[in-house]
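Asks: Got a structure here, written out as structure tokens. Questions coming.
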Amino acid sequence: MLQRVQTIFMTIAAIAMILMLFFPIWEKSDQQFEAEKREYAIMDAFQLRYEQHNTVTEEVQLLGTQDTFLLSVGAIAAALVMLFSISRYKNRMTQVKLNALFSLITAATLVGTYLYTSKANGLFEPTVPGTFLIGFYLPIAAMLNNFMANRFIRKDEQLVRSADRIR
């Protein structure tokens, strides 16, 4: 039955991973407030961009990019696994296994995000850390929703097994 509460949690988890593709994950800027030129780095699921902003002429010069497409591959793979898990509603143990795979892929995506940001943190002013944005927290929200979905799947399985014992 698709109208179970765990389906809602799994849908939210899949949506969170898809939204990770559209939101920025991390940013860093130098702390020179009155400087004529400021350096800026921003990362999303597809690339890490290094830019220089001229505050007088308001020009933006691209200094370089680094591909981070593995993060987008992880987010898409996790979302597809979760959507496939939703379609397996008749076999709850398969859902639990697919949700465990979702957790592994999401954790790998989070580790990859952290590795990219730690590598990019030393670009300029290494003493000033960058800030994580909403794109970093969406996989965490997806994992929490996955945890809740697994909890309700296991509860349904216990209910079915107890009903089988009565017969």
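By convention in this document, the chains of the structure tokens carry letters A, B, ... by their order, each chain's residues are numbered from 1, and ligands are numbered from 1 in the order they are shown.
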For Leu104 of chain A, find every residue with an atom within 10 Å (counting only C-alpha atoms), except residues of its own chain fewer than 5 positions away, and show them as an MDAnalysis selection string.
Replies: chainID A and resid 74 78 98:99 109:110 143
Asks: Could you find all residues in chain A that DSSP calls strand (DSSP E or B) from the backbone, and write them as a list in words?
Replies: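 The residues of chain A classed as strand (DSSP E or B) are Trp26, Glu27, Lys28, Ser29, Lys37, Arg38, Glu39, Tyr40, Ala41, Ile42, Met43, Gln47, Leu48, Arg49, Tyr50, Glu51, Gln52, His53, Asn54, Val60, Gln61, Leu62, Leu63, Gly64, Thr65, Gln66, Asp67, Thr131 and Phe132 of chain A.
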Asks: Output as a ChimeraX atom specification all residues of segment 70-162 of chain A that backbone DSSP marks as alpha helix (DSSP H).
Replies: /A:70-87,92-120,134-162
Asks: Env of Asn91 of chain A: 10 Å cut, atoms = only C-alpha atoms, seq-sep filter 4 positions within chain, self excluded. Answer as a VMD selection string.
Replies: chain A and resid 85 87 95 to 96 153 157
Asks: For a test of reading the model, state the distance in Å between atom CA of Arg92 of chain A and atom CA of Ser162 of chain A, rounded to one decimal.
Replies: 14.9 Å
Asks: Need the shell around Lys119 of chain A: protein/DNA/RNA residues with any atom at most 12 Å away, counting only C-alpha atoms. Skip same-chain ones fewer than 4 positions apart. Format as number ranges by chain?
Replies: A: 43, 48, 66, 68, 112-115, 123-124, 126, 129-130
Asks: Have a look at A:Leu70, A:Ser103, A:Ser29, A:Ala108 and name the one nearest to Gln52 of chain A; count only C-alpha atoms.
Replies: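 When distances to Gln52 of chain A are compared using only C-alpha atoms, the smallest one comes from A:Ser29.
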Asks: Atom CA of Phe136 of chain A and atom CA of Asn54 of chain A, how far apart in Å?
Replies: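 These two atoms are separated by 28.0 Å.
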Asks: At a cut-off of 9 Å, can you tabulate as CSV every residue of segment 16-100 of chain A near segment 3-12 of chain A together with its closest atom pair and the distance in Å to one decimal, using only C-alpha atoms and ordering rows by chain then number?
Replies:
residue,atom,partner,partner_atom,distance
A:Ala16,CA,A:Ile12,CA,6.0
A:Met17,CA,A:Ile12,CA,8.7
A:Met82,CA,A:Met10,CA,6.5
A:Leu83,CA,A:Thr11,CA,7.3
A:Ser85,CA,A:Met10,CA,8.1
A:Ile86,CA,A:Thr7,CA,6.3
A:Tyr89,CA,A:Thr7,CA,8.5
A:Asn99,CA,A:Met10,CA,8.7
Asks: Pull N, CA, C and O atoms from the residues just selected and write them as a PDB file, in the first residue's frame.
Replies:
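Below is the file that was written, again19.pdb:
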ATOM      1  N   ALA A  16      14.615  15.438  -1.112  1.00  0.00           N
ATOM      2  CA  ALA A  16      15.765  16.139  -0.531  1.00  0.00           C
ATOM      3  C   ALA A  16      17.029  15.880  -1.347  1.00  0.00           C
ATOM      4  O   ALA A  16      17.831  16.800  -1.567  1.00  0.00           O
ATOM      5  N   MET A  17      17.215  14.662  -1.797  1.00  0.00           N
ATOM      6  CA  MET A  17      18.406  14.361  -2.594  1.00  0.00           C
ATOM      7  C   MET A  17      18.334  15.016  -3.975  1.00  0.00           C
ATOM      8  O   MET A  17      19.360  15.440  -4.512  1.00  0.00           O
ATOM      9  N   MET A  82      15.859   5.329  -3.730  1.00  0.00           N
ATOM     10  CA  MET A  82      14.717   5.565  -2.842  1.00  0.00           C
ATOM     11  C   MET A  82      13.393   5.457  -3.594  1.00  0.00           C
ATOM     12  O   MET A  82      12.434   4.886  -3.074  1.00  0.00           O
ATOM     13  N   LEU A  83      13.339   5.961  -4.803  1.00  0.00           N
ATOM     14  CA  LEU A  83      12.107   5.832  -5.589  1.00  0.00           C
ATOM     15  C   LEU A  83      11.824   4.374  -5.929  1.00  0.00           C
ATOM     16  O   LEU A  83      10.663   3.943  -5.931  1.00  0.00           O
ATOM     17  N   SER A  85      12.736   1.913  -4.040  1.00  0.00           N
ATOM     18  CA  SER A  85      12.318   1.338  -2.759  1.00  0.00           C
ATOM     19  C   SER A  85      10.837   1.607  -2.489  1.00  0.00           C
ATOM     20  O   SER A  85      10.136   0.747  -1.950  1.00  0.00           O
ATOM     21  N   ILE A  86      10.383   2.777  -2.865  1.00  0.00           N
ATOM     22  CA  ILE A  86       8.960   3.097  -2.683  1.00  0.00           C
ATOM     23  C   ILE A  86       8.097   2.140  -3.496  1.00  0.00           C
ATOM     24  O   ILE A  86       7.041   1.684  -3.041  1.00  0.00           O
ATOM     25  N   TYR A  89       6.762  -1.742  -2.218  1.00  0.00           N
ATOM     26  CA  TYR A  89       5.986  -1.689  -0.977  1.00  0.00           C
ATOM     27  C   TYR A  89       5.425  -3.046  -0.561  1.00  0.00           C
ATOM     28  O   TYR A  89       5.077  -3.234   0.599  1.00  0.00           O
ATOM     29  N   ASN A  99      16.770   0.729   1.490  1.00  0.00           N
ATOM     30  CA  ASN A  99      16.978   1.915   2.311  1.00  0.00           C
ATOM     31  C   ASN A  99      18.374   1.917   2.933  1.00  0.00           C
ATOM     32  O   ASN A  99      18.963   2.978   3.128  1.00  0.00           O
TER      33      ASN A  99
END
Asks: Any idea what the distance is between atom CA of Thr131 of chain A and atom CA of Thr65 of chain A?
Replies: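 These atoms are spaced 18.4 Å apart.
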Asks: Got a sec: who's within 12 Å of Glu59 of chain A, counting only C-alpha atoms, leaving out chain neighbours fewer than 4 positions off, as an NGL selection string?
Replies: :A and (36-39 or 51-55)
Asks: At a cut-off of 8 Å, using only C-alpha atoms, what residues contact Tyr50 of chain A? Leave out same-chain residues fewer than 3 positions from it and give the result as a list of chain:residue names.
Replies: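 Everything that qualifies: A:Glu39, A:Tyr40, A:Ala41, A:Ile42, A:Leu62, A:Leu63, A:Gly64, A:Thr65.
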Asks: Need to verify the contact set: Asn145 of chain A, 6 Å, only C-alpha atoms, exclusion of same-chain residues closer than 3 positions in sequence. Can you return it as a count of residues only?
Replies: 4
Asks: Using only C-alpha atoms, can you tell me which of A:Ile25, A:Leu101, A:Met93, A:Val81 comes closest to Phe132 of chain A?
Replies: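 Checking each candidate against Phe132 of chain A, we get A:Ile25 as the closest.
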Asks: Point out the residue among A:Ala75, A:Asp156, A:Leu133, A:Ala149 with the least atom-to-atom distance to Ile15 of chain A, counting only C-alpha atoms.
Replies: A:Ala75
